[in-house]
Amino acid sequence: MISADQQPDLRRKLRRSKSRARLRGLLLVAPALLLLMVAFVAPIGGMLFNAVANPEFRSAMPRLADYVREWDGQELPGEEGYRLLAEEIGRAYSDKTLPGAAMRLNYEQSGLRSLFMRAGRRADRLEAPYRRSFLELDKDWGSISVWQAMQAASAPFTARYLLQAVDREITWDGEIRLVEPEKRVFVDRFEATFWISFVVTSLCALIGYPMAYAIAAAPPRRARLMLVLLLLPFWTSLLVRTAAWVVLLQRDGIINDALIWIGVVDQPVQLIFNRLGVYIAMTHILLPFMALPLYSVMKGISPNHMRAAASLGAGPISAFWTVYFPQTVPGLGAGCLLVYVLAIGFYITPALVGGSGDQMISYLIANFALGTANWSVASALAIVLLCCVAIFYPFFRRYVGIDRLRLG
Amino acid sequence: MRGEPSRETPLVAFRAVEKTYDGVVNVVERLDLEIERGEFLTLLGPSGSGKTTTLMMLAGFEAPTAGEILLNGRSLARTPPFRRNIGMVFQNYALFPHMTVGDNVAYPLRRRRFPRSEVDTRVRRALDMVRLGGLEQRFPGQLSGGQQQRVALARALVFEPDVVLMDEPLGALDKKLREDMQLEIRHLHQTLGMTVIYVTHDQAEALTMSDRIAVFSDGRIQQIGSPREVYERPVNAFVANFIGENNMLPGVIVTPAEPALSSEGAPQLCTVQLDDGPTVEALANGSRRVGERVAVSIRPERLELAHRPDRRNRIQGRLLEVIYFGDHARLRVRVGAIEVMVKARLDEWRHPECRGERVDLSWATDHGLVLEPAVDGGAAA
Amino acid sequence: MSARPFASPVERLGRGALRVLVGAGFLFLLAPIVAVIPLSFNGGDFLSYPLRGVSLQWYARVFEPFPWMTGLANSLTVASATTVLATVVGTLAAYGLATSDFRGRGLVMGLMISPMLVPLVITGLAIYLAFARYGLVHTFVGLILAHTILALPFVVVTVTATLQGFDRNMMRAASSLGASPLTAFRTVTMPLIAPGILSGAVFAFVTSFDEVVVALFLAGPGQFTLPRHMFTALRDKLDPSIVALATLLILVSILLLIVVELLRWRSERLRRGRP
Ligand SMILES: Nc1ncnc2c1ncn2[C@@H]1O[C@H](COP(=O)(O)OP(=O)(O)OP(=O)(O)O)[C@@H](O)[C@H]1O
Ligand SMILES: [Mg+2]
């Protein structure tokens, strides 16, 4: 053994002798790391920034933004404020930055978009006394809430999009509250997302467990074949599988034909473009992610354990629950975690086989981004969703690890 | 250092070498070791004692955290493993599974850019040497364990390295094959005259094969010497217990060695009062004080069963058990508070089993060694 | 297993139930894929049974230049570039992670696999916002970079798994026999892990070839990939030619699956040292 005062010395020697191997490892990892940083980590950071950034108003009308930041918010600004407003609106209109700013102000208070755009179009007709001139244009310019909206839009950062993503809003005096019932769309979607993911995970576990068990118990050649069959859907394009389900489950599809032929129903039933279709198609797609980790754990369980349990007096059922099942829990946990995390992010499948009430949060994100080009709300929703996934990340590293991610 | 290494320079020298993996514990502590050209040195020790680490440092796969290693008098610190010209046989052979036996053996020659014809003749010669001629086209997976082992041997020898390192090369073989291979390696060593550093934790293997044995424990060399020295004159209780079987009779020094009779370094005779019996005489390595607690170490095969009044060293005990071994029998005998093991020839022990019977044991004076008392019996150093 | 005369009725019932359950599971997995194939030869305009005659008309539609063949060309361009990039970068990283131990190794590993777990819409949106600044949106380069990020985890996971089965003594042995690190890698490591790298490459290819969400964000009409066209087609109206296309893609998947299986088999044989 070594005395305590020698230890730092020992550590230093150790570090020196290891540093070259480390350097080589780092060099090999560097290209991948660089790529990930540039094209993944930085963009996600940028998106986070995007969700709280508040640049539209400030970049269009910087001097006015500075002015309203200083303003006390109690009573309408004087002539000075309206003069600045006229100048800035005119300039922003001519260099085409006004629409963005007007759009941003509209989030604060609806109607402001048209108010500002109209003022922009007539900016050359605005003259001293400016306040009167504005009020002649539209009497709304005399309302204090317009200036309060400008003040909210002038801060460098804003929490409004993040709050909006969870159906909250912040009032002008700093109170956080639920938005009006008819605007509460996001929490509902998050709940649907979690619920669908939960149901799909449970279905996968129920179907996947016996399948994995059967493969693990089969003789090697048959097990190989079963694994290949299990993997075939996994290798098939997601769109192909979704298309196949649409074809099978439609009103005059095979499933309905079969149900009528058996006599279970006498009218075709709606199997698709509703929640049922989403459950079926998603379970189909995610099943291999449940069965594979389960199989890899089950394969490692020696048959002698069950034999030992039997020799010790356990019947087949009690041997299963007391000896076999506990050993498969890590695989079950890994599979559930994997399926749940992947399910939360689903977009394409629900979009193609679900009804409007079955869309998941990814759909809204894509819609805000690609449909209405509202990048701020899309980013805020993405951040909230990312947090929901990140919660699972530590468990993931611990229970799934890189081995059980191996597919095929 | 330049020029021809002088006769006195050892082929390999470890100078104050230390190694730690975690910065907390030294798994090799201040190792000083010299290995002569042509020597067969065995590193012997329990699991985790630092044997593999020592080999790995010499081969260049681990760097010492302190000290230096010299080959032919030159420091190896800046020489990467592939320029050290040290052959190595790994425990699981590390044969390249995607190459044939021939390609495996040719590998070191091709790396050294030997001409093609030379490669062929050398490969053939090396395979003949390990009695695997004609198997060049096989793949390692198509060979038995013993054959794979011999391919590994041929591959490590074919480029005539300065030193061959073998890390438990026979660990994976069954007993019979192991013994055959021990002889084979021994013969190869004698005919080729190469230098071998051999790692094992099998003491019988170490005794039969080596010129010298270095006994490792906790990262230190406990004793280094010829098999005979290590077996018959262990310097401490760890070595005595680790190599072969051993009985330890606790006692107290009555008369230390007579200084007049002792020459420098030679063992000295002293008298010990055993805790559970009479006073006996035994050899001590260093000087001992009167009243010092010691243990007298005696090999089971050195204990004789007959009543020998002519001998000065005699003890009595009661028989606990007789165990039949085919070529000999072992007797467990209780002597006072301790138990001793006696190896008896079958003709020496003709009686049927008689538990509780009184037995007389005696031994020649120079077969008893005075060592420090063992802590907890077993492998404690 | 079958000859168990002492099996209790409960046990037999259990085994029977298991068989039925497992059979149903496989039916569920394979039925849609199998059932869709005959429809692609349908002579009529409807995607339902019974078939109205057999024809190859929908296949003819698939091979028309627009949209499927241009989509295919774009997909192949993007997927091949992605495969090369992801395989090279991912293999180097997996090798570095497996053979050396530096601080933050676990973190790097976690980072490498995270694109697999982050919802695709988030990745697509984030990359879109970032690439928009550099003019990479609606370019092949942008799409290829994004797909490389998505494919990287598959390569890293596959190659890491291969390297875990790789005996480090093998490299040491090569080194002690006189091979420089580069030579040792070329002559020993590379041949042994090549099947693993190739299956990583197949994974990378499939990841890109099937990807639609990120393509939705990053591909302009000039880069529309096959899945991107399929998404539009599925959303708008179920055109029977899509079923013909699906059948062809299923054949491709079967082919790729066979390739990966062969690679695995090859890798195992190599490991065990058999020809
Ligand atoms: N790569 C490593 N990293 C950390 N610790 C190690 C490493 N290799 C060995 N050790 C530790 O160093 C000590 C000595 O190990 P070493 O392998 O040299 O023992 P050994 O004498 O060869 O044992 P065995 O007979 O079991 O092979 C052990 O405690 C072991 O746990
Ligand atoms: Mg060892």
# chains A, B, ... in the order shown; residues from 1 in each chain; ligands from 1
$ residues_near_ligand --ligand "ligand 2" --cutoff "7 Å" --atoms "only C-alpha atoms and all ligand atoms" --output "VMD selection string"
chain B and resid 47 to 48 51 to 52 167
$ write_last_selection --atoms "N, CA, C and O atoms" --output "compact mmCIF listing (two decimals), in the first residue's frame"
# COMPACT_ATOMS: atom_id res chain seq x y z
N SER B 47 -3.48 -15.15 -8.27
CA SER B 47 -4.21 -14.29 -9.19
C SER B 47 -4.17 -12.84 -8.71
O SER B 47 -4.28 -12.57 -7.52
N GLY B 48 -3.92 -11.94 -9.64
CA GLY B 48 -3.92 -10.52 -9.29
C GLY B 48 -2.63 -10.04 -8.68
O GLY B 48 -2.56 -8.93 -8.17
N LYS B 51 1.56 -10.39 -12.38
CA LYS B 51 2.39 -11.11 -13.34
C LYS B 51 2.13 -10.65 -14.76
O LYS B 51 3.05 -10.29 -15.51
N THR B 52 0.85 -10.66 -15.14
CA THR B 52 0.51 -10.24 -16.49
C THR B 52 0.94 -8.80 -16.72
O THR B 52 1.49 -8.46 -17.77
N ASP B 167 2.14 -15.98 -21.40
CA ASP B 167 1.25 -15.69 -20.29
C ASP B 167 0.26 -16.83 -20.10
O ASP B 167 -0.71 -16.95 -20.83
$ select_by_dssp --residues "stretch 71-225 of chain A" --states "helix (DSSP H, G or I)" --output "PyMOL selection string"
chain A and resi 79-94+98-108+112-121+123-125+130-137+139-142+144-154+160-165+181-183+186-217+220-225
$ residues_near_ligand --ligand "ligand 1" --cutoff "9 Å" --atoms "only C-alpha atoms and all ligand atoms" --output "PyMOL selection string"
chain B and resi 19-22+25-28+43-56+62+167-168+199-201+216-219
$ interface_residues --of "chain B" --to "chain C" --cutoff "9 Å" --atoms "only C-alpha atoms" --output "JSON, numbers by chain"
{"B": [59, 60, 61, 80, 81, 82, 83, 84, 85, 86, 87, 88, 89, 90, 92, 93, 94, 95, 96, 97, 98, 99, 100, 107, 108, 109, 111, 112, 138, 139, 140, 141, 142, 155, 156, 159]}
$ interface_residues --of "chain A" --to "chain C" --cutoff "6 Å" --atoms "only C-alpha atoms" --output "mmCIF file with N, CA and C atoms, in the first residue's frame"
data_model
loop_
_atom_site.group_PDB
_atom_site.id
_atom_site.type_symbol
_atom_site.label_atom_id
_atom_site.label_comp_id
_atom_site.auth_asym_id
_atom_site.auth_seq_id
_atom_site.Cartn_x
_atom_site.Cartn_y
_atom_site.Cartn_z
ATOM 1 N N ALA A 21 -2.896 7.400 -25.337
ATOM 2 C CA ALA A 21 -4.036 6.571 -25.751
ATOM 3 C C ALA A 21 -5.296 7.412 -25.791
ATOM 4 N N ARG A 22 -5.422 8.312 -24.794
ATOM 5 C CA ARG A 22 -6.597 9.180 -24.749
ATOM 6 C C ARG A 22 -6.667 10.077 -25.946
ATOM 7 N N GLY A 25 -7.827 8.334 -28.961
ATOM 8 C CA GLY A 25 -9.272 8.100 -28.908
ATOM 9 C C GLY A 25 -10.039 9.360 -29.261
ATOM 10 N N LEU A 28 -9.975 10.140 -32.955
ATOM 11 C CA LEU A 28 -10.862 9.292 -33.756
ATOM 12 C C LEU A 28 -12.313 9.727 -33.611
ATOM 13 N N VAL A 29 -12.656 10.162 -32.413
ATOM 14 C CA VAL A 29 -14.043 10.548 -32.172
ATOM 15 C C VAL A 29 -14.333 11.938 -32.729
ATOM 16 N N ALA A 32 -16.849 12.790 -35.754
ATOM 17 C CA ALA A 32 -18.254 12.542 -35.424
ATOM 18 C C ALA A 32 -18.765 13.598 -34.463
ATOM 19 N N PRO A 43 -27.845 23.262 -33.600
ATOM 20 C CA PRO A 43 -29.207 23.565 -34.050
ATOM 21 C C PRO A 43 -30.257 23.451 -32.948
ATOM 22 N N ILE A 44 -30.107 22.441 -32.082
ATOM 23 C CA ILE A 44 -31.095 22.316 -31.011
ATOM 24 C C ILE A 44 -30.959 23.482 -30.036
ATOM 25 N N MET A 47 -32.567 26.331 -31.606
ATOM 26 C CA MET A 47 -34.018 26.228 -31.533
ATOM 27 C C MET A 47 -34.520 26.693 -30.154
ATOM 28 N N MET A 211 -43.799 -13.440 -27.755
ATOM 29 C CA MET A 211 -43.034 -13.683 -28.987
ATOM 30 C C MET A 211 -41.545 -13.837 -28.678
ATOM 31 N N TRP A 235 -37.421 -3.715 -41.284
ATOM 32 C CA TRP A 235 -36.612 -3.248 -42.410
ATOM 33 C C TRP A 235 -37.464 -2.618 -43.502
ATOM 34 N N THR A 236 -38.773 -2.879 -43.432
ATOM 35 C CA THR A 236 -39.641 -2.327 -44.457
ATOM 36 C C THR A 236 -39.924 -0.868 -44.143
ATOM 37 N N SER A 237 -39.914 -0.067 -45.165
ATOM 38 C CA SER A 237 -40.120 1.360 -44.983
ATOM 39 C C SER A 237 -41.391 1.643 -44.191
ATOM 40 N N VAL A 240 -44.302 2.344 -46.330
ATOM 41 C CA VAL A 240 -44.869 1.153 -46.955
ATOM 42 C C VAL A 240 -45.804 0.453 -45.982
ATOM 43 N N ALA A 244 -49.752 -0.077 -46.232
ATOM 44 C CA ALA A 244 -50.363 -1.398 -46.152
ATOM 45 C C ALA A 244 -51.523 -1.394 -45.167
ATOM 46 N N GLY A 253 -61.716 -2.803 -47.120
ATOM 47 C CA GLY A 253 -60.459 -3.550 -47.031
ATOM 48 C C GLY A 253 -60.685 -4.983 -46.572
ATOM 49 N N GLY A 345 -42.449 10.593 -30.104
ATOM 50 C CA GLY A 345 -42.056 11.448 -31.224
ATOM 51 C C GLY A 345 -42.735 11.113 -32.542
ATOM 52 N N SER A 362 -46.051 16.014 -32.319
ATOM 53 C CA SER A 362 -45.159 16.254 -33.451
ATOM 54 C C SER A 362 -45.900 16.849 -34.637
ATOM 55 N N ALA A 382 -41.448 22.236 -29.530
ATOM 56 C CA ALA A 382 -40.365 21.255 -29.668
ATOM 57 C C ALA A 382 -39.557 21.174 -28.379
#
